[in-house]
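Undergrad: Have a peek at upload_16.txt (compact mmCIF, C-alpha atoms).
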# COMPACT_ATOMS: atom_id res chain seq x y z
CA MET U 1 84.03 87.25 124.01
CA THR U 2 85.31 85.74 120.79
CA ALA U 3 88.39 86.76 118.82
CA TYR U 4 87.68 88.12 115.35
CA THR U 5 89.64 89.64 112.53
CA ALA U 6 87.74 92.41 110.76
CA THR U 7 88.97 93.36 107.31
CA VAL U 8 88.22 96.89 106.16
CA THR U 9 88.87 97.60 102.47
CA VAL U 10 88.95 101.30 101.60
CA ARG U 11 88.64 102.28 97.94
CA LEU U 12 88.44 105.58 96.13
CA LYS U 13 84.93 106.29 94.89
CA ARG U 14 84.30 105.89 91.19
CA GLY U 15 85.27 109.12 89.46
CA VAL U 16 87.92 110.14 91.98
CA LEU U 17 91.27 110.39 90.20
CA ASP U 18 93.98 108.01 91.37
CA PRO U 19 97.32 109.11 89.90
CA GLU U 20 99.22 106.50 91.91
CA ALA U 21 97.20 103.69 90.37
CA GLU U 22 97.65 105.22 86.91
CA THR U 23 101.41 105.33 87.47
CA THR U 24 101.45 101.70 88.60
CA LYS U 25 99.40 100.68 85.55
CA GLY U 26 101.83 102.54 83.27
CA ALA U 27 104.82 100.88 84.93
CA LEU U 28 103.29 97.43 84.45
CA GLU U 29 102.63 98.21 80.79
CA ARG U 30 106.21 99.32 80.31
CA LEU U 31 107.26 95.94 81.73
CA GLY U 32 105.22 94.33 78.94
CA PHE U 33 102.09 93.34 80.87
CA GLU U 34 98.68 93.66 79.26
CA LEU U 35 95.95 94.97 81.53
CA GLU U 36 92.81 97.02 81.11
CA ALA U 37 92.57 98.81 84.41
CA LEU U 38 94.15 98.90 87.84
CA ARG U 39 92.58 100.14 91.06
CA ALA U 40 94.46 100.51 94.32
CA ALA U 41 92.84 100.13 97.73
CA ASP U 42 93.93 100.14 101.35
CA ARG U 43 93.18 97.11 103.43
CA PHE U 44 93.19 97.11 107.23
CA GLU U 45 93.09 93.86 109.18
CA VAL U 46 91.91 94.57 112.71
CA ASP U 47 92.14 91.92 115.44
CA LEU U 48 89.49 92.50 118.07
CA GLU U 49 87.39 90.70 120.65
CA ALA U 50 83.63 91.00 120.54
CA ALA U 51 80.52 89.25 121.81
CA ASP U 52 79.60 88.04 118.32
CA ALA U 53 80.35 88.62 114.65
CA ASP U 54 77.72 91.35 114.33
CA ALA U 55 79.28 93.33 117.19
CA ALA U 56 82.73 92.92 115.58
CA ARG U 57 81.37 94.12 112.24
CA ASP U 58 79.63 97.12 113.84
CA ARG U 59 82.83 98.17 115.60
CA ALA U 60 84.91 97.83 112.41
CA ASP U 61 82.25 99.77 110.54
CA GLU U 62 82.50 102.60 113.03
CA MET U 63 86.32 102.57 112.78
CA ALA U 64 85.96 102.99 109.02
CA GLU U 65 83.44 105.83 109.40
CA ARG U 66 85.46 107.71 111.96
CA LEU U 67 89.06 107.19 110.87
CA LEU U 68 89.99 104.66 108.20
CA ALA U 69 87.90 106.06 105.35
CA ASN U 70 87.12 109.59 104.25
CA PRO U 71 83.44 109.48 103.24
CA THR U 72 83.88 112.32 100.76
CA ILE U 73 86.19 110.32 98.52
CA HIS U 74 86.13 106.71 99.79
CA ASP U 75 83.85 103.71 99.76
CA TYR U 76 84.62 100.85 102.10
CA ASP U 77 83.49 97.35 102.91
CA VAL U 78 83.94 95.27 106.02
CA GLY U 79 84.38 91.51 106.34
CA VAL U 80 84.63 89.59 109.59
CA THR U 81 86.18 86.18 110.23
CA GLU U 82 86.64 84.29 113.48
CA ARG U 83 90.26 83.96 114.50
CA MET S 1 89.63 85.43 75.98
CA THR S 2 87.67 86.01 79.16
CA ALA S 3 87.62 89.12 81.32
CA TYR S 4 88.97 88.63 84.85
CA THR S 5 89.72 90.78 87.85
CA ALA S 6 92.83 89.67 89.69
CA THR S 7 93.21 90.92 93.25
CA VAL S 8 96.75 91.17 94.58
CA THR S 9 97.06 91.78 98.33
CA VAL S 10 100.53 92.89 99.44
CA ARG S 11 101.38 92.67 103.15
CA LEU S 12 104.50 93.33 105.15
CA LYS S 13 106.17 90.12 106.26
CA ARG S 14 105.80 89.16 109.89
CA GLY S 15 108.52 90.94 111.87
CA VAL S 16 108.82 93.92 109.54
CA LEU S 17 107.98 97.07 111.49
CA ASP S 18 104.96 99.04 110.30
CA PRO S 19 104.94 102.45 112.01
CA GLU S 20 101.98 103.62 109.90
CA ALA S 21 99.82 100.75 111.17
CA GLU S 22 100.98 101.42 114.74
CA THR S 23 100.00 105.07 114.37
CA THR S 24 96.58 104.11 113.01
CA LYS S 25 96.07 101.66 115.88
CA GLY S 26 97.00 104.37 118.39
CA ALA S 27 94.62 106.85 116.77
CA LEU S 28 91.76 104.33 116.96
CA GLU S 29 92.53 103.71 120.62
CA ARG S 30 92.50 107.43 121.35
CA LEU S 31 89.04 107.52 119.77
CA GLY S 32 87.97 104.92 122.34
CA PHE S 33 88.07 101.76 120.21
CA GLU S 34 89.33 98.51 121.68
CA LEU S 35 91.49 96.44 119.36
CA GLU S 36 94.36 94.02 119.78
CA ALA S 37 96.28 94.53 116.57
CA LEU S 38 96.05 96.27 113.25
CA ARG S 39 97.84 95.35 110.05
CA ALA S 40 97.80 97.45 106.90
CA ALA S 41 98.06 96.00 103.41
CA ASP S 42 97.92 97.27 99.84
CA ARG S 43 95.35 95.80 97.55
CA PHE S 44 95.52 96.04 93.76
CA GLU S 45 92.55 95.10 91.60
CA VAL S 46 93.74 94.42 88.07
CA ASP S 47 91.27 94.01 85.21
CA LEU S 48 92.73 91.84 82.49
CA GLU S 49 91.76 89.45 79.73
CA ALA S 50 93.18 85.95 79.66
CA ALA S 51 92.49 82.54 78.14
CA ASP S 52 91.46 81.08 81.49
CA ALA S 53 91.61 81.76 85.23
CA ASP S 54 94.98 80.03 85.59
CA ALA S 55 96.52 82.28 82.95
CA ALA S 56 95.05 85.35 84.67
CA ARG S 57 96.43 84.20 88.02
CA ASP S 58 99.88 83.54 86.53
CA ARG S 59 100.02 87.00 85.00
CA ALA S 60 98.93 88.69 88.24
CA ASP S 61 101.48 86.62 90.11
CA GLU S 62 104.24 87.84 87.82
CA MET S 63 103.05 91.45 88.25
CA ALA S 64 103.37 91.01 92.01
CA GLU S 65 106.84 89.46 91.70
CA ARG S 66 108.15 92.11 89.36
CA LEU S 67 106.55 95.31 90.58
CA LEU S 68 103.73 95.29 93.12
CA ALA S 69 105.56 93.52 95.96
CA ASN S 70 109.11 93.76 97.24
CA PRO S 71 110.05 90.16 98.07
CA THR S 72 112.51 91.26 100.76
CA ILE S 73 109.80 92.73 102.96
CA HIS S 74 106.45 91.69 101.47
CA ASP S 75 104.25 88.63 101.19
CA TYR S 76 101.41 88.66 98.71
CA ASP S 77 98.46 86.60 97.63
CA VAL S 78 96.48 86.59 94.42
CA GLY S 79 92.79 85.94 93.89
CA VAL S 80 91.01 85.79 90.53
CA THR S 81 87.33 86.30 89.75
CA GLU S 82 85.54 86.40 86.42
CA ARG S 83 84.18 89.80 85.57
I'd like the structure from this file rewritten - as structure tokens, please.

TA:
Amino acid sequence: MTAYTATVTVRLKRGVLDPEAETTKGALERLGFELEALRAADRFEVDLEAADADAARDRADEMAERLLANPTIHDYDVGVTER
Amino acid sequence: MTAYTATVTVRLKRGVLDPEAETTKGALERLGFELEALRAADRFEVDLEAADADAARDRADEMAERLLANPTIHDYDVGVTER
């Protein structure tokens, strides 16, 4: 077994409104920053042990499917690095 | 001016309690997943135009310092890619 860190990034799908991100963008603009768009995402870093990187990725993928992301409104991607 | 996407990842500093991450870890375990630790972070993807990548990074860095992160409890890092 090898120790991995799987990183799951969960984003709202294109077209899903994100009022929190809009508020953050507005606040940055009021502070004088110039920006065109801002998207917010949740990032989960999961430490786990697995036989190999593919097994770690599969497990993180299943965590995203079952709990971390809501497939109706979210897209996600998974990255795996050895710890 | 070139179009960049700056990615700001905001994490709780080591030692700061994160009950939301603990709850998520517990929920994954109740679903039968094996994991050693889970950390949650906020990720902001900011589209902006800047003279070069260094200028884009500097601006994103200042956004983190002034609004996106709370330096008392958060660490952050900034990545920049051309769009």

Undergrad: Quick one: distance from CA of Val78 (chain S) to CA of Ala37 (chain U) in Å, one decimal?

TA: 16.3 Å

Undergrad: Could I have chain U as a PDB file with C-alpha atoms, in the frame of the given file after it is superimposed on chain S by least squares, pairing all C-alpha atoms in sequence order?

TA:
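Okay, this is what ended up in result.pdb:
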ATOM      1  CA  MET U   1      89.638  85.443  75.991  1.00  0.00           C
ATOM      2  CA  THR U   2      87.667  86.015  79.166  1.00  0.00           C
ATOM      3  CA  ALA U   3      87.628  89.130  81.336  1.00  0.00           C
ATOM      4  CA  TYR U   4      88.977  88.638  84.848  1.00  0.00           C
ATOM      5  CA  THR U   5      89.710  90.779  87.845  1.00  0.00           C
ATOM      6  CA  ALA U   6      92.837  89.677  89.695  1.00  0.00           C
ATOM      7  CA  THR U   7      93.216  90.915  93.251  1.00  0.00           C
ATOM      8  CA  VAL U   8      96.751  91.172  94.584  1.00  0.00           C
ATOM      9  CA  THR U   9      97.064  91.771  98.337  1.00  0.00           C
ATOM     10  CA  VAL U  10     100.527  92.887  99.440  1.00  0.00           C
ATOM     11  CA  ARG U  11     101.385  92.652 103.136  1.00  0.00           C
ATOM     12  CA  LEU U  12     104.507  93.325 105.138  1.00  0.00           C
ATOM     13  CA  LYS U  13     106.175  90.111 106.257  1.00  0.00           C
ATOM     14  CA  ARG U  14     105.812  89.161 109.892  1.00  0.00           C
ATOM     15  CA  GLY U  15     108.521  90.933 111.864  1.00  0.00           C
ATOM     16  CA  VAL U  16     108.817  93.918 109.537  1.00  0.00           C
ATOM     17  CA  LEU U  17     107.972  97.074 111.482  1.00  0.00           C
ATOM     18  CA  ASP U  18     104.948  99.026 110.291  1.00  0.00           C
ATOM     19  CA  PRO U  19     104.931 102.443 111.979  1.00  0.00           C
ATOM     20  CA  GLU U  20     101.968 103.608 109.899  1.00  0.00           C
ATOM     21  CA  ALA U  21      99.822 100.755 111.165  1.00  0.00           C
ATOM     22  CA  GLU U  22     100.986 101.420 114.731  1.00  0.00           C
ATOM     23  CA  THR U  23      99.993 105.072 114.353  1.00  0.00           C
ATOM     24  CA  THR U  24      96.573 104.107 113.001  1.00  0.00           C
ATOM     25  CA  LYS U  25      96.073 101.660 115.883  1.00  0.00           C
ATOM     26  CA  GLY U  26      97.015 104.384 118.385  1.00  0.00           C
ATOM     27  CA  ALA U  27      94.615 106.847 116.763  1.00  0.00           C
ATOM     28  CA  LEU U  28      91.762 104.338 116.956  1.00  0.00           C
ATOM     29  CA  GLU U  29      92.534 103.710 120.623  1.00  0.00           C
ATOM     30  CA  ARG U  30      92.500 107.421 121.336  1.00  0.00           C
ATOM     31  CA  LEU U  31      89.030 107.511 119.757  1.00  0.00           C
ATOM     32  CA  GLY U  32      87.976 104.916 122.343  1.00  0.00           C
ATOM     33  CA  PHE U  33      88.057 101.760 120.213  1.00  0.00           C
ATOM     34  CA  GLU U  34      89.307  98.504 121.682  1.00  0.00           C
ATOM     35  CA  LEU U  35      91.476  96.431 119.375  1.00  0.00           C
ATOM     36  CA  GLU U  36      94.349  94.018 119.778  1.00  0.00           C
ATOM     37  CA  ALA U  37      96.279  94.525 116.589  1.00  0.00           C
ATOM     38  CA  LEU U  38      96.051  96.273 113.247  1.00  0.00           C
ATOM     39  CA  ARG U  39      97.850  95.344 110.043  1.00  0.00           C
ATOM     40  CA  ALA U  40      97.791  97.450 106.902  1.00  0.00           C
ATOM     41  CA  ALA U  41      98.071  96.007 103.404  1.00  0.00           C
ATOM     42  CA  ASP U  42      97.921  97.275  99.846  1.00  0.00           C
ATOM     43  CA  ARG U  43      95.353  95.794  97.548  1.00  0.00           C
ATOM     44  CA  PHE U  44      95.525  96.041  93.760  1.00  0.00           C
ATOM     45  CA  GLU U  45      92.547  95.107  91.607  1.00  0.00           C
ATOM     46  CA  VAL U  46      93.739  94.413  88.078  1.00  0.00           C
ATOM     47  CA  ASP U  47      91.270  94.019  85.201  1.00  0.00           C
ATOM     48  CA  LEU U  48      92.736  91.829  82.494  1.00  0.00           C
ATOM     49  CA  GLU U  49      91.767  89.456  79.712  1.00  0.00           C
ATOM     50  CA  ALA U  50      93.172  85.954  79.667  1.00  0.00           C
ATOM     51  CA  ALA U  51      92.491  82.552  78.149  1.00  0.00           C
ATOM     52  CA  ASP U  52      91.452  81.098  81.510  1.00  0.00           C
ATOM     53  CA  ALA U  53      91.612  81.755  85.240  1.00  0.00           C
ATOM     54  CA  ASP U  54      94.985  80.036  85.609  1.00  0.00           C
ATOM     55  CA  ALA U  55      96.538  82.287  82.953  1.00  0.00           C
ATOM     56  CA  ALA U  56      95.042  85.354  84.691  1.00  0.00           C
ATOM     57  CA  ARG U  57      96.438  84.204  88.034  1.00  0.00           C
ATOM     58  CA  ASP U  58      99.892  83.532  86.546  1.00  0.00           C
ATOM     59  CA  ARG U  59     100.017  87.003  85.005  1.00  0.00           C
ATOM     60  CA  ALA U  60      98.925  88.686  88.260  1.00  0.00           C
ATOM     61  CA  ASP U  61     101.483  86.607  90.123  1.00  0.00           C
ATOM     62  CA  GLU U  62     104.220  87.839  87.829  1.00  0.00           C
ATOM     63  CA  MET U  63     103.038  91.455  88.252  1.00  0.00           C
ATOM     64  CA  ALA U  64     103.373  91.001  92.011  1.00  0.00           C
ATOM     65  CA  GLU U  65     106.851  89.463  91.694  1.00  0.00           C
ATOM     66  CA  ARG U  66     108.157  92.105  89.352  1.00  0.00           C
ATOM     67  CA  LEU U  67     106.535  95.314  90.572  1.00  0.00           C
ATOM     68  CA  LEU U  68     103.723  95.285  93.118  1.00  0.00           C
ATOM     69  CA  ALA U  69     105.550  93.529  95.951  1.00  0.00           C
ATOM     70  CA  ASN U  70     109.098  93.761  97.233  1.00  0.00           C
ATOM     71  CA  PRO U  71     110.046  90.157  98.064  1.00  0.00           C
ATOM     72  CA  THR U  72     112.507  91.261 100.734  1.00  0.00           C
ATOM     73  CA  ILE U  73     109.807  92.732 102.949  1.00  0.00           C
ATOM     74  CA  HIS U  74     106.443  91.686 101.454  1.00  0.00           C
ATOM     75  CA  ASP U  75     104.263  88.623 101.191  1.00  0.00           C
ATOM     76  CA  TYR U  76     101.415  88.658  98.714  1.00  0.00           C
ATOM     77  CA  ASP U  77      98.454  86.596  97.635  1.00  0.00           C
ATOM     78  CA  VAL U  78      96.480  86.604  94.425  1.00  0.00           C
ATOM     79  CA  GLY U  79      92.779  85.931  93.891  1.00  0.00           C
ATOM     80  CA  VAL U  80      91.024  85.805  90.542  1.00  0.00           C
ATOM     81  CA  THR U  81      87.340  86.314  89.762  1.00  0.00           C
ATOM     82  CA  GLU U  82      85.551  86.397  86.424  1.00  0.00           C
ATOM     83  CA  ARG U  83      84.201  89.813  85.553  1.00  0.00           C
TER      84      ARG U  83
END

Undergrad: Report, in Å with one decimal, the straight-line distance from CA of Leu28 (chain U) to CA of Gly15 (chain U).

TA: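 Pair CA of Leu28 (chain U) / CA of Gly15 (chain U) returns 22.1 Å.
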
Undergrad: I'd like the interatomic distance between CA of Asp75 (chain U) and CA of Val46 (chain U), to a tenth of an Å.

TA: 17.8 Å

Undergrad: Tell me the residues of chain U close to chain S, meaning within 8 Å using all atoms listed in the file, as a list in words.

TA: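 Here is what falls inside 8 Å: Leu28, Phe33, Glu34, Leu35, Glu36, Ala37, Leu38, Arg39, Ala40, Ala41, Asp42, Arg43, Phe44, Glu45, Val46, Asp47, Leu48, Glu49, Arg59, Met63 and Leu67 of chain U.
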
Undergrad: Give the answer as one residue: which of U:Met1, U:Leu12, U:Ala51, U:Leu17 has the shortest atom-to-atom distance to Asn70 (chain U), using only C-alpha atoms?

TA: U:Leu12

Undergrad: Pull all heavy atoms for region 29-42 of chain U from the block and write them as a compact mmCIF listing (two decimals), in the first residue's frame.

TA:
# COMPACT_ATOMS: atom_id res chain seq x y z
N GLU U 29 -14.22 44.30 -6.93
CA GLU U 29 -14.31 45.49 -7.78
C GLU U 29 -14.44 46.75 -6.94
O GLU U 29 -13.82 47.78 -7.24
CB GLU U 29 -15.47 45.34 -8.77
CG GLU U 29 -15.11 44.34 -9.88
CD GLU U 29 -16.30 43.90 -10.72
OE1 GLU U 29 -17.46 44.06 -10.26
OE2 GLU U 29 -16.07 43.37 -11.81
N ARG U 30 -15.19 46.65 -5.86
CA ARG U 30 -15.31 47.83 -5.00
C ARG U 30 -13.99 48.19 -4.33
O ARG U 30 -13.74 49.33 -3.98
CB ARG U 30 -16.40 47.61 -3.93
CG ARG U 30 -17.81 47.87 -4.47
CD ARG U 30 -18.85 47.91 -3.37
NE ARG U 30 -18.96 46.65 -2.66
CZ ARG U 30 -19.63 45.58 -3.13
NH1 ARG U 30 -20.24 45.63 -4.30
NH2 ARG U 30 -19.68 44.47 -2.42
N LEU U 31 -13.11 47.18 -4.17
CA LEU U 31 -11.77 47.45 -3.64
C LEU U 31 -10.83 47.99 -4.71
O LEU U 31 -9.68 48.30 -4.43
CB LEU U 31 -11.17 46.17 -3.04
CG LEU U 31 -11.77 45.69 -1.71
CD1 LEU U 31 -11.24 44.30 -1.36
CD2 LEU U 31 -11.44 46.67 -0.59
N GLY U 32 -11.33 48.10 -5.96
CA GLY U 32 -10.52 48.69 -7.01
C GLY U 32 -9.85 47.68 -7.93
O GLY U 32 -9.08 48.07 -8.81
N PHE U 33 -10.11 46.38 -7.74
CA PHE U 33 -9.48 45.39 -8.60
C PHE U 33 -10.22 45.29 -9.93
O PHE U 33 -11.45 45.39 -9.96
CB PHE U 33 -9.49 44.01 -7.94
CG PHE U 33 -8.56 43.91 -6.77
CD1 PHE U 33 -9.06 43.86 -5.48
CD2 PHE U 33 -7.20 43.86 -6.96
CE1 PHE U 33 -8.21 43.76 -4.39
CE2 PHE U 33 -6.34 43.77 -5.88
CZ PHE U 33 -6.84 43.71 -4.59
N GLU U 34 -9.46 45.05 -11.01
CA GLU U 34 -10.09 44.78 -12.30
C GLU U 34 -10.05 43.29 -12.55
O GLU U 34 -8.98 42.67 -12.50
CB GLU U 34 -9.34 45.51 -13.41
CG GLU U 34 -9.72 46.98 -13.46
CD GLU U 34 -8.95 47.71 -14.55
OE1 GLU U 34 -8.59 47.09 -15.55
OE2 GLU U 34 -8.71 48.92 -14.34
N LEU U 35 -11.23 42.72 -12.82
CA LEU U 35 -11.28 41.30 -13.16
C LEU U 35 -12.48 41.07 -14.07
O LEU U 35 -13.43 41.85 -14.06
CB LEU U 35 -11.35 40.41 -11.92
CG LEU U 35 -12.56 40.47 -10.99
CD1 LEU U 35 -12.62 39.23 -10.14
CD2 LEU U 35 -12.50 41.70 -10.08
N GLU U 36 -12.40 40.02 -14.88
CA GLU U 36 -13.48 39.76 -15.82
C GLU U 36 -14.50 38.79 -15.29
O GLU U 36 -15.68 38.87 -15.58
CB GLU U 36 -12.91 39.21 -17.12
CG GLU U 36 -12.28 40.29 -17.97
CD GLU U 36 -11.35 39.69 -18.98
OE1 GLU U 36 -11.82 38.86 -19.78
OE2 GLU U 36 -10.16 40.02 -18.93
N ALA U 37 -14.04 37.81 -14.54
CA ALA U 37 -14.96 36.80 -14.02
C ALA U 37 -14.32 36.14 -12.81
O ALA U 37 -13.09 36.17 -12.64
CB ALA U 37 -15.25 35.74 -15.08
N LEU U 38 -15.15 35.61 -11.94
CA LEU U 38 -14.66 34.86 -10.79
C LEU U 38 -15.54 33.63 -10.60
O LEU U 38 -16.77 33.74 -10.61
CB LEU U 38 -14.67 35.76 -9.54
CG LEU U 38 -14.10 35.12 -8.26
CD1 LEU U 38 -13.40 36.19 -7.42
CD2 LEU U 38 -15.18 34.46 -7.42
N ARG U 39 -14.91 32.48 -10.48
CA ARG U 39 -15.64 31.25 -10.19
C ARG U 39 -15.12 30.69 -8.88
O ARG U 39 -13.92 30.72 -8.61
CB ARG U 39 -15.41 30.22 -11.30
CG ARG U 39 -15.99 30.63 -12.65
CD ARG U 39 -15.59 29.69 -13.77
NE ARG U 39 -14.14 29.68 -13.97
CZ ARG U 39 -13.46 30.62 -14.63
NH1 ARG U 39 -14.10 31.66 -15.15
NH2 ARG U 39 -12.16 30.53 -14.76
N ALA U 40 -16.02 30.21 -8.05
CA ALA U 40 -15.62 29.60 -6.79
C ALA U 40 -15.78 28.09 -6.90
O ALA U 40 -16.68 27.59 -7.59
CB ALA U 40 -16.48 30.14 -5.65
N ALA U 41 -14.90 27.36 -6.24
CA ALA U 41 -14.98 25.89 -6.25
C ALA U 41 -14.59 25.39 -4.87
O ALA U 41 -13.94 26.09 -4.10
CB ALA U 41 -14.05 25.31 -7.31
N ASP U 42 -15.03 24.18 -4.57
CA ASP U 42 -14.60 23.52 -3.34
C ASP U 42 -13.51 22.53 -3.68
O ASP U 42 -13.61 21.82 -4.69
CB ASP U 42 -15.77 22.78 -2.68
CG ASP U 42 -16.74 23.73 -2.04
OD1 ASP U 42 -16.30 24.72 -1.45
OD2 ASP U 42 -17.95 23.49 -2.17
